[in-house]
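To be precise, the following lines are start_39.txt, and they hold compact mmCIF, C-alpha atoms and all ligand atoms.
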```
# COMPACT_ATOMS: atom_id res chain seq x y z
CA MET A 1 32.36 161.81 119.16
CA LEU A 2 33.56 158.91 116.98
CA HIS A 3 37.28 158.13 116.86
CA ALA A 4 39.15 155.91 114.45
CA LEU A 5 42.88 155.38 114.51
CA TYR A 6 45.29 154.70 111.63
CA THR A 7 49.01 154.28 112.31
CA ALA A 8 51.88 153.75 109.88
CA SER A 9 55.64 153.98 110.05
CA ALA A 10 58.74 154.20 107.89
CA PRO A 11 62.41 153.41 108.59
CA GLY A 12 65.45 155.64 108.58
CA LYS A 13 68.17 155.15 105.99
CA ILE A 14 71.90 155.29 105.55
CA ILE A 15 73.85 155.89 102.36
CA LEU A 16 76.58 153.24 102.20
CA MET A 17 78.59 154.74 99.36
CA GLY A 18 78.30 157.28 96.57
CA GLU A 19 76.78 160.39 98.19
CA HIS A 20 77.33 163.67 96.33
CA ALA A 21 78.61 161.91 93.18
CA VAL A 22 75.04 160.54 92.91
CA VAL A 23 73.81 164.09 92.26
CA TYR A 24 75.98 163.98 89.09
CA GLY A 25 74.60 160.73 87.72
CA ARG A 26 76.98 158.28 89.41
CA PRO A 27 75.62 155.25 91.31
CA ALA A 28 75.06 155.12 95.07
CA MET A 29 73.97 152.40 97.49
CA ALA A 30 71.70 152.99 100.45
CA VAL A 31 69.97 150.76 102.98
CA PRO A 32 67.02 151.20 105.32
CA VAL A 33 67.74 151.31 109.06
CA HIS A 34 64.81 149.74 110.90
CA GLN A 35 65.99 150.50 114.46
CA VAL A 36 64.84 154.06 113.95
CA GLN A 37 61.38 154.90 112.68
CA ALA A 38 59.04 157.74 111.91
CA THR A 39 55.44 157.10 112.89
CA ALA A 40 52.27 158.91 111.84
CA THR A 41 49.00 158.35 113.67
CA LEU A 42 45.75 159.68 112.28
CA THR A 43 42.85 160.05 114.69
CA VAL A 44 39.68 160.78 112.79
CA GLN A 45 37.20 162.70 114.94
CA ASP A 46 33.62 163.21 113.78
CA GLY A 47 32.66 166.77 114.50
CA ALA A 48 36.22 168.18 114.35
CA SER A 49 36.53 171.18 112.04
CA ASP A 50 40.03 170.78 110.61
CA LEU A 51 42.92 168.33 110.35
CA TRP A 52 45.45 169.28 113.00
CA ILE A 53 49.00 168.20 112.30
CA ALA A 54 51.00 167.69 115.49
CA ALA A 55 54.78 167.24 115.38
CA THR A 56 55.02 165.84 118.89
CA ASP A 57 58.85 165.88 119.08
CA LEU A 58 58.97 169.56 118.17
CA GLY A 59 55.92 170.64 120.18
CA GLN A 60 54.30 172.10 117.05
CA ARG A 61 50.63 171.93 116.11
CA THR A 62 49.28 173.40 112.87
CA ALA A 63 45.86 173.33 111.22
CA LEU A 64 46.06 171.95 107.68
CA SER A 65 43.73 174.66 106.33
CA SER A 66 46.11 177.47 107.37
CA ALA A 67 49.53 175.76 107.01
CA PRO A 68 51.74 177.47 104.41
CA PRO A 69 52.88 175.49 101.33
CA VAL A 70 56.46 175.42 102.71
CA ASN A 71 55.31 173.37 105.71
CA PRO A 72 56.65 169.90 104.76
CA LEU A 73 54.17 167.97 106.92
CA ALA A 74 51.19 169.82 105.44
CA GLN A 75 52.68 169.38 101.98
CA ALA A 76 52.99 165.61 102.52
CA VAL A 77 49.33 165.55 103.61
CA ARG A 78 48.13 167.61 100.65
CA LEU A 79 50.07 165.64 98.03
CA THR A 80 48.86 162.35 99.50
CA LEU A 81 45.24 163.48 99.55
CA THR A 82 45.52 164.58 95.92
CA PHE A 83 46.95 161.16 95.03
CA LEU A 84 44.16 159.39 96.95
CA GLN A 85 41.55 161.76 95.48
CA ARG A 86 40.12 162.40 98.92
CA ALA A 87 39.26 165.51 100.93
CA ALA A 88 41.09 165.88 104.24
CA PRO A 89 39.64 163.97 107.18
CA ALA A 90 38.88 166.00 110.31
CA GLY A 91 40.83 165.16 113.42
CA GLU A 92 44.51 164.97 114.31
CA LEU A 93 47.56 163.59 112.54
CA SER A 94 50.39 163.23 114.99
CA VAL A 95 53.91 162.58 113.85
CA HIS A 96 56.75 161.20 115.93
CA SER A 97 60.23 160.10 114.94
CA THR A 98 63.16 158.36 116.60
CA ILE A 99 65.39 159.18 113.62
CA PRO A 100 68.02 161.75 114.63
CA LEU A 101 67.10 165.13 113.22
CA ALA A 102 70.79 166.00 112.74
CA GLY A 103 70.47 164.84 109.16
CA GLY A 104 71.81 161.99 107.11
CA MET A 105 69.30 159.36 108.24
CA GLY A 106 66.38 160.55 106.18
CA SER A 107 64.11 161.78 108.96
CA GLY A 108 62.21 164.13 106.62
CA ALA A 109 61.59 161.48 103.98
CA ALA A 110 60.57 158.94 106.63
CA VAL A 111 58.05 161.33 108.19
CA SER A 112 56.52 162.05 104.78
CA THR A 113 56.40 158.33 103.96
CA ALA A 114 54.68 157.53 107.27
CA ILE A 115 52.14 160.30 106.66
CA GLY A 116 51.41 158.95 103.16
CA ARG A 117 50.91 155.44 104.53
CA ALA A 118 48.67 156.51 107.44
CA LEU A 119 46.39 158.50 105.11
CA ALA A 120 46.31 155.62 102.61
CA ALA A 121 45.26 153.25 105.43
CA TRP A 122 42.45 155.64 106.33
CA ALA A 123 41.35 155.78 102.67
CA GLY A 124 41.47 151.97 102.45
CA GLN A 125 44.09 152.18 99.71
CA THR A 126 47.71 151.16 99.26
CA ILE A 127 50.05 153.58 97.56
CA PRO A 128 52.54 151.68 95.35
CA ALA A 129 56.14 152.25 96.45
CA ALA A 130 57.05 154.06 93.21
CA ASP A 131 54.18 156.55 93.66
CA LEU A 132 54.88 157.04 97.36
CA SER A 133 58.53 157.64 96.56
CA ALA A 134 57.64 160.25 93.91
CA LEU A 135 55.29 161.98 96.32
CA VAL A 136 57.91 162.09 99.08
CA TYR A 137 60.44 163.44 96.56
CA GLU A 138 58.17 166.45 95.99
CA VAL A 139 58.17 167.15 99.73
CA GLU A 140 61.97 166.65 99.93
CA ARG A 141 62.43 169.38 97.35
CA LEU A 142 61.23 171.86 99.98
CA HIS A 143 64.25 170.99 102.16
CA HIS A 144 66.92 170.17 99.62
CA GLY A 145 66.28 172.03 96.39
CA THR A 146 67.47 169.38 93.93
CA PRO A 147 67.79 166.12 95.83
CA SER A 148 68.99 163.10 93.87
CA GLY A 149 65.97 161.09 95.07
CA ILE A 150 67.92 158.44 96.95
CA ASP A 151 66.33 159.15 100.38
CA ASN A 152 62.71 158.87 99.29
CA THR A 153 63.53 155.79 97.20
CA VAL A 154 65.22 153.69 99.87
CA ILE A 155 62.68 154.72 102.53
CA ALA A 156 59.51 154.32 100.47
CA TYR A 157 60.70 150.96 99.09
CA GLY A 158 62.05 149.89 102.49
CA GLN A 159 64.81 147.92 100.78
CA PRO A 160 68.51 148.25 100.00
CA VAL A 161 68.68 150.24 96.80
CA TRP A 162 71.22 150.70 94.03
CA PHE A 163 70.40 154.14 92.80
CA VAL A 164 71.24 156.10 89.66
CA LYS A 165 69.42 159.40 89.23
CA GLY A 166 66.81 159.28 86.49
CA GLN A 167 66.79 155.48 86.31
CA PRO A 168 64.33 153.13 88.00
CA PRO A 169 65.81 152.20 91.40
CA GLN A 170 67.17 148.67 91.64
CA PRO A 171 66.46 147.02 94.97
CA PHE A 172 69.30 144.61 95.69
CA ALA A 173 69.63 141.50 97.80
CA ILE A 174 72.18 141.32 100.59
CA PRO A 175 73.30 137.69 100.68
CA HIS A 176 75.49 138.07 103.79
CA THR A 177 74.51 140.11 106.84
CA PHE A 178 76.97 142.80 107.84
CA TRP A 179 77.15 145.18 110.78
CA LEU A 180 77.37 148.92 110.90
CA VAL A 181 78.05 151.21 113.79
CA ILE A 182 76.38 154.52 113.00
CA ALA A 183 77.77 157.49 114.89
CA SER A 184 75.76 160.67 114.79
CA THR A 185 77.73 163.87 115.32
CA GLY A 186 74.58 165.61 116.58
CA ILE A 187 75.56 168.44 114.25
CA ALA A 188 72.81 169.42 111.84
CA SER A 189 74.28 170.20 108.46
CA PRO A 190 71.77 171.19 105.80
CA THR A 191 72.25 168.95 102.75
CA ARG A 192 71.24 171.88 100.57
CA GLU A 193 74.42 173.73 101.70
CA THR A 194 76.94 170.94 101.15
CA VAL A 195 75.35 170.06 97.81
CA GLY A 196 75.50 173.77 96.88
CA ASP A 197 79.18 174.01 97.88
CA VAL A 198 80.07 170.94 95.82
CA ARG A 199 78.25 172.51 92.88
CA GLN A 200 80.31 175.71 93.24
CA SER A 201 83.55 173.71 93.33
CA TRP A 202 82.44 171.62 90.35
CA LEU A 203 81.63 174.78 88.37
CA ALA A 204 85.05 176.20 89.27
CA ASP A 205 86.97 173.05 88.31
CA PRO A 206 84.72 170.65 86.37
CA LEU A 207 87.52 168.40 85.18
CA ARG A 208 88.81 167.70 88.66
CA PHE A 209 85.35 167.14 90.10
CA GLU A 210 84.20 164.91 87.24
CA GLY A 211 87.35 162.88 87.93
CA LEU A 212 86.50 162.64 91.64
CA PHE A 213 82.93 161.56 90.82
CA ASP A 214 84.24 158.90 88.41
CA ASP A 215 86.64 157.63 91.07
CA ILE A 216 83.76 157.39 93.53
CA ALA A 217 81.65 155.53 90.95
CA GLY A 218 84.49 153.00 90.62
CA LEU A 219 84.53 152.51 94.40
CA VAL A 220 80.75 152.09 94.55
CA ASN A 221 80.85 149.41 91.85
CA ALA A 222 83.67 147.63 93.66
CA GLY A 223 81.72 148.02 96.92
CA ARG A 224 78.71 146.27 95.45
CA ALA A 225 80.88 143.33 94.35
CA ALA A 226 82.53 143.14 97.80
CA MET A 227 79.13 143.17 99.48
CA LEU A 228 77.82 140.39 97.27
CA ALA A 229 80.94 138.35 98.01
CA GLY A 230 80.76 139.04 101.76
CA ASP A 231 84.31 140.43 101.58
CA TRP A 232 84.17 142.85 104.53
CA PRO A 233 87.87 143.79 104.67
CA ARG A 234 87.57 144.82 101.01
CA LEU A 235 84.30 146.72 101.53
CA GLY A 236 85.86 148.45 104.55
CA ALA A 237 88.92 149.50 102.55
CA LEU A 238 86.56 150.96 99.93
CA PHE A 239 84.74 152.93 102.68
CA PHE A 240 88.08 154.51 103.71
CA GLN A 241 88.87 155.39 100.08
CA ASN A 242 85.40 156.87 99.54
CA GLN A 243 85.94 158.96 102.69
CA ARG A 244 89.25 160.33 101.35
CA LEU A 245 87.55 161.43 98.13
CA LEU A 246 84.69 163.06 100.06
CA ALA A 247 87.28 164.93 102.13
CA GLU A 248 88.97 166.07 98.90
CA MET A 249 85.59 167.35 97.74
CA GLY A 250 85.43 169.47 100.90
CA VAL A 251 82.45 167.85 102.62
CA SER A 252 84.23 166.23 105.57
CA ALA A 253 84.89 168.10 108.82
CA PRO A 254 87.31 167.73 111.76
CA ILE A 255 84.71 165.85 113.83
CA LEU A 256 84.02 163.45 110.93
CA ASP A 257 87.76 162.86 110.35
CA ARG A 258 88.18 162.22 114.08
CA LEU A 259 85.35 159.67 114.13
CA VAL A 260 86.69 157.87 111.06
CA ASP A 261 90.19 157.70 112.64
CA ALA A 262 88.74 156.46 115.94
CA ALA A 263 86.85 153.68 114.14
CA ARG A 264 90.03 152.68 112.27
CA LEU A 265 92.10 152.55 115.47
CA ALA A 266 89.38 150.52 117.22
CA GLY A 267 89.53 147.84 114.51
CA ALA A 268 86.69 148.69 112.12
CA PHE A 269 87.07 147.28 108.59
CA GLY A 270 86.28 150.73 107.27
CA ALA A 271 84.50 153.99 108.02
CA LYS A 272 83.26 157.05 106.19
CA LEU A 273 80.88 159.93 106.50
CA SER A 274 77.40 159.13 105.24
CA GLY A 275 75.05 161.63 103.64
CA GLY A 276 75.69 165.29 103.01
CA GLY A 277 78.72 165.61 105.32
CA ARG A 278 80.12 168.46 107.50
CA GLY A 279 77.88 167.08 110.28
CA GLY A 280 75.44 164.19 110.20
CA ASN A 281 76.84 160.69 110.51
CA VAL A 282 79.82 158.42 110.21
CA ILE A 283 79.27 154.73 109.44
CA ALA A 284 81.77 152.09 110.46
CA LEU A 285 81.75 148.55 109.04
CA VAL A 286 82.58 146.12 111.83
CA GLU A 287 82.88 142.50 112.83
CA PRO A 288 79.87 141.96 115.17
CA SER A 289 82.24 141.06 118.02
CA ALA A 290 84.03 144.43 117.58
CA ALA A 291 80.86 146.53 117.47
CA GLU A 292 80.87 147.56 121.15
CA THR A 293 84.60 148.41 121.12
CA VAL A 294 84.18 150.57 118.02
CA ALA A 295 81.04 152.16 119.48
CA ASP A 296 82.95 153.08 122.68
CA ALA A 297 85.81 154.56 120.68
CA LEU A 298 83.33 156.63 118.66
CA ARG A 299 81.64 157.86 121.83
CA ARG A 300 85.01 158.91 123.26
CA ALA A 301 85.85 160.67 119.99
CA GLY A 302 82.73 162.83 120.34
CA ALA A 303 79.75 160.97 118.83
CA ALA A 304 76.45 162.28 120.20
CA ALA A 305 74.49 159.08 119.51
CA ILE A 306 75.35 155.57 118.37
CA PHE A 307 73.30 152.87 116.66
CA ILE A 308 74.59 149.38 116.03
CA THR A 309 72.64 147.82 113.21
CA PRO A 310 72.77 144.65 111.15
CA VAL A 311 72.17 145.13 107.45
CA SER A 312 70.56 142.03 106.10
CA ALA A 313 68.30 140.54 103.50
CA GLY A 314 65.98 139.65 106.37
CA ALA A 315 65.50 143.30 107.24
CA ALA A 316 64.66 144.05 103.62
CA ARG A 317 62.12 141.25 103.45
CA ALA A 318 60.48 142.28 106.71
CA ALA A 319 60.02 145.78 105.34
CA LEU A 320 58.20 144.42 102.32
CA LEU A 321 55.53 142.59 104.31
O1 LIG I 1 72.30 164.00 104.00
P1 LIG I 1 71.45 163.00 103.33
O2 LIG I 1 71.47 161.64 103.91
O3 LIG I 1 70.08 163.50 103.03
O4 LIG I 1 72.11 162.65 101.94
C1 LIG I 1 72.45 163.58 101.00
C2 LIG I 1 73.01 162.82 99.87
C3 LIG I 1 73.58 163.69 98.78
O5 LIG I 1 74.09 162.80 97.81
C4 LIG I 1 74.71 164.55 99.30
C5 LIG I 1 72.52 164.58 98.17
C6 LIG I 1 71.46 163.84 97.39
O6 LIG I 1 70.44 164.48 97.11
O7 LIG I 1 71.66 162.68 97.03
```

How does this structure look as structure tokens?
Ligand code: PMV
Amino acid sequence: MLHALYTASAPGKIILMGEHAVVYGRPAMAVPVHQVQATATLTVQDGASDLWIAATDLGQRTALSSAPPVNPLAQAVRLTLTFLQRAAPAGELSVHSTIPLAGGMGSGAAVSTAIGRALAAWAGQTIPAADLSALVYEVERLHHGTPSGIDNTVIAYGQPVWFVKGQPPQPFAIPHTFWLVIASTGIASPTRETVGDVRQSWLADPLRFEGLFDDIAGLVNAGRAAMLAGDWPRLGALFFQNQRLLAEMGVSAPILDRLVDAARLAGAFGAKLSGGGRGGNVIALVEPSAAETVADALRRAGAAAIFITPVSAGAARAALL
């Protein structure tokens, strides 16, 4: 039996500022997180009768030919094959991810991106980032209903992205490296639910919510300027303000408030929830020398997992190679 192996990966991501308001046309900023990765490995086996898709972390194994359309892994495979104009290879596609499943770091989009890249490698093709992003968006719709598109964009491009729904994403340069402590609550909170709740509240009081979204847009614009200037105390203050507005929108939670307070007391420049909220992650902007102290404080306040990550132009360039 002949074997050939094709492996590809994709990073996780973090939304810096602008979540939820981005669904309503306001800007958001997100960056890839390369410490965590989804990996897809395709083993082509002559003589095999199907393509088996193995989610090794979940202990699941499904044959492509009988997987239902709601299976996101099978959907990523099918959409990619259609794009590549190829029939499915026979063998096994195994998927593994170190991105926390609790949500907020784009594990679903990263898995789909890795699958797209592994199949493209097998077909001897490269899928342009814009097409890969569009394909992953289609898969994301299975989980999220009406996602803004920020996850698939930042992950498929592998670069920091300034994102406005319906407009071409603008990758942006990060002239000065900064450090984030990412604290995962370990609590899975479906984005579809928090987005749905915000929609209900917006329908009930559109004026107030449009005002909140506008205020967030102002913070995101100011955040971009602070980032370009390397003004971390300012960017941190904007994180805290963004967090207050997210709490007003009803998407924070006691554990998230506790983690933000712990980061503040431990000396972080700023902290906020990142992503859909209720569970998921808190990000804290820190001086590198304070990262361990803030990480310890977050652990004591109940974080289930911690990542300390630099966000830099270098990381963006590496992802483009
Ligand atoms: O929870 P995440 O990281 O998938 O982010 C959701 C971000 C929202 O703005 C709340 C929804 C969206 O589709 O952009």

Step by step, gather every atom of ligand LIG 1 (chain I) that the file lists, find the box along x, y and z that holds them, add 4 Å on each side, and finally give centre and edge lengths in Å to one decimal, as AutoDock Vina command-line options.
```
--center_x 72.4 --center_y 163.1 --center_z 100.5 --size_x 12.6 --size_y 10.9 --size_z 15.0
```

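Counting from CA of Gly116 (chain A), the distance to CA of Ala156 (chain A) is 9.7 Å.
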
message = Which residue is closest to ligand LIG 1 (chain I)? Choose from A:Gly250, A:Pro128, A:Gly302, A:Pro175 and count all atoms listed in the file.
response = A:Gly250

Write out, as CSV, each residue of chain A that has an atom at most 10 Å from ligand LIG 1 (chain I), together with the closest pair of atoms and their distance in Å to one decimal, counting only C-alpha atoms and all ligand atoms, rows going by chain and rising number.
```
residue,atom,partner,partner_atom,distance
A:Gly12,CA,I:LIG1,O2,9.7
A:Lys13,CA,I:LIG1,O2,7.6
A:Ile14,CA,I:LIG1,O2,6.6
A:Ile15,CA,I:LIG1,O2,6.4
A:Leu16,CA,I:LIG1,O2,10.0
A:Met17,CA,I:LIG1,O5,9.4
A:Gly18,CA,I:LIG1,O5,7.1
A:Glu19,CA,I:LIG1,O5,3.6
A:His20,CA,I:LIG1,O5,3.7
A:Ala21,CA,I:LIG1,O5,6.5
A:Val22,CA,I:LIG1,O5,5.5
A:Val23,CA,I:LIG1,O7,5.4
A:Tyr24,CA,I:LIG1,O5,9.0
A:Gly25,CA,I:LIG1,O7,10.0
A:Arg26,CA,I:LIG1,O5,10.0
A:Ala28,CA,I:LIG1,O5,8.2
A:Ala30,CA,I:LIG1,O2,9.3
A:Ala102,CA,I:LIG1,O1,9.1
A:Gly103,CA,I:LIG1,O1,5.5
A:Gly104,CA,I:LIG1,O2,3.2
A:Met105,CA,I:LIG1,O2,5.4
A:Gly106,CA,I:LIG1,O2,5.7
A:Ser107,CA,I:LIG1,O3,8.6
A:Gly108,CA,I:LIG1,O3,8.7
A:Ala109,CA,I:LIG1,O3,8.8
A:Glu140,CA,I:LIG1,O6,9.2
A:Arg141,CA,I:LIG1,O6,9.4
A:His143,CA,I:LIG1,O3,9.5
A:His144,CA,I:LIG1,O6,7.1
A:Gly145,CA,I:LIG1,O6,8.7
A:Thr146,CA,I:LIG1,O6,6.6
A:Pro147,CA,I:LIG1,O6,3.4
A:Ser148,CA,I:LIG1,O6,3.8
A:Gly149,CA,I:LIG1,O6,6.0
A:Ile150,CA,I:LIG1,O7,5.7
A:Asp151,CA,I:LIG1,O3,6.3
A:Asn152,CA,I:LIG1,O3,9.5
A:Phe163,CA,I:LIG1,O7,9.6
A:Val164,CA,I:LIG1,O7,9.9
A:Lys165,CA,I:LIG1,O7,8.8
A:Ala188,CA,I:LIG1,O1,9.5
A:Ser189,CA,I:LIG1,O1,7.9
A:Pro190,CA,I:LIG1,O1,7.4
A:Thr191,CA,I:LIG1,O1,5.1
A:Arg192,CA,I:LIG1,C5,7.8
A:Glu193,CA,I:LIG1,C4,9.5
A:Thr194,CA,I:LIG1,C4,7.0
A:Val195,CA,I:LIG1,C4,5.7
A:Gly196,CA,I:LIG1,C4,9.6
A:Val198,CA,I:LIG1,C4,9.0
A:Val251,CA,I:LIG1,C4,9.0
A:Leu273,CA,I:LIG1,O1,9.8
A:Ser274,CA,I:LIG1,O2,6.6
A:Gly275,CA,I:LIG1,O4,3.5
A:Gly276,CA,I:LIG1,O1,3.8
A:Gly277,CA,I:LIG1,O1,6.7
A:Arg278,CA,I:LIG1,O1,9.7
A:Gly279,CA,I:LIG1,O1,8.9
A:Gly280,CA,I:LIG1,O1,7.0
A:Asn281,CA,I:LIG1,O2,8.6
```

task = Please measure the separation of CA of Gly270 (chain A) and CA of Phe209 (chain A), giving the value in Å to one decimal.
result =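 Taking CA of Gly270 (chain A) and CA of Phe209 (chain A), their separation equals 23.8 Å.
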
query = Between CA of Ala301 (chain A) and CA of Ala262 (chain A), what is the spacing in Å?
reply =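 Separation of CA of Ala262 (chain A) and CA of Ala301 (chain A): 6.5 Å.
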
query = Given the choices A:Ala305, A:Val311, A:Ala284, A:Ala118, which gets closest to Val44 (chain A) if the distance is worked out from all atoms listed in the file?
reply =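 Among A:Ala305, A:Val311, A:Ala284, A:Ala118, it is A:Ala118 that comes nearest to Val44 (chain A).
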
message = Quick one: residues within 9 Å of Ala183 (chain A), all atoms listed in the file, excluding same-chain residues fewer than 4 positions away - as a VMD selection string?
response = chain A and resid 259 280 to 284 295 298 to 299 303 to 308

request  = Would you please work out which residue, of A:Ala54, A:Ile127, A:Ala63, A:Ala114, is nearest to Gln85 (chain A) when using all atoms listed in the file?
outcome  =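 The shortest atom-to-atom distance to Gln85 (chain A) comes from A:Ile127.
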
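Take the candidates A:Met249, A:Arg199, A:Phe269, A:Asp57 and check each one against Leu235 (chain A) using all atoms listed in the file; the shortest distance goes to A:Phe269.
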
ask   = Thr126 (chain A): which residues within 8 Å, counting only C-alpha atoms, same-chain residues fewer than 5 positions away excluded, as number ranges by chain?
value = A: 117, 120-121

Expected file contents, prior selection, C-alpha atoms, as a PDB file, in the frame of the given file:
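Generated file (again_15.pdb):
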```
ATOM      1  CA  ARG A 117      50.910 155.440 104.530  1.00  0.00           C
ATOM      2  CA  ALA A 120      46.310 155.620 102.610  1.00  0.00           C
ATOM      3  CA  ALA A 121      45.260 153.250 105.430  1.00  0.00           C
TER       4      ALA A 121
END
```

key: Top pick for closest residue to Gly166 (chain A), considering A:Val36, A:Arg300, A:Leu245, A:Pro27 and counting all atoms listed in the file   = A:Pro27

message = I'd like the neighbourhood of Ala48 (chain A) as a PyMOL selection string, where a residue qualifies if any of its atoms comes within 8 Å (using all atoms listed in the file), though same-chain residues fewer than 3 positions away should be ignored.
response = chain A and resi 45+51+90-91

query = Looking at A:Phe172, A:Thr185, A:Pro32, A:Trp179, which one is nearest to Glu292 (chain A), with distances taken over only C-alpha atoms?
reply = A:Trp179

query = Can you tell me, as JSON, numbers by chain, what residues are no more than 9 Å from Val294 (chain A) when counting only C-alpha atoms, ignoring any on the same chain fewer than 6 positions away?
reply = {"A": [181, 262, 263, 264, 265, 266, 267, 268, 284, 286]}
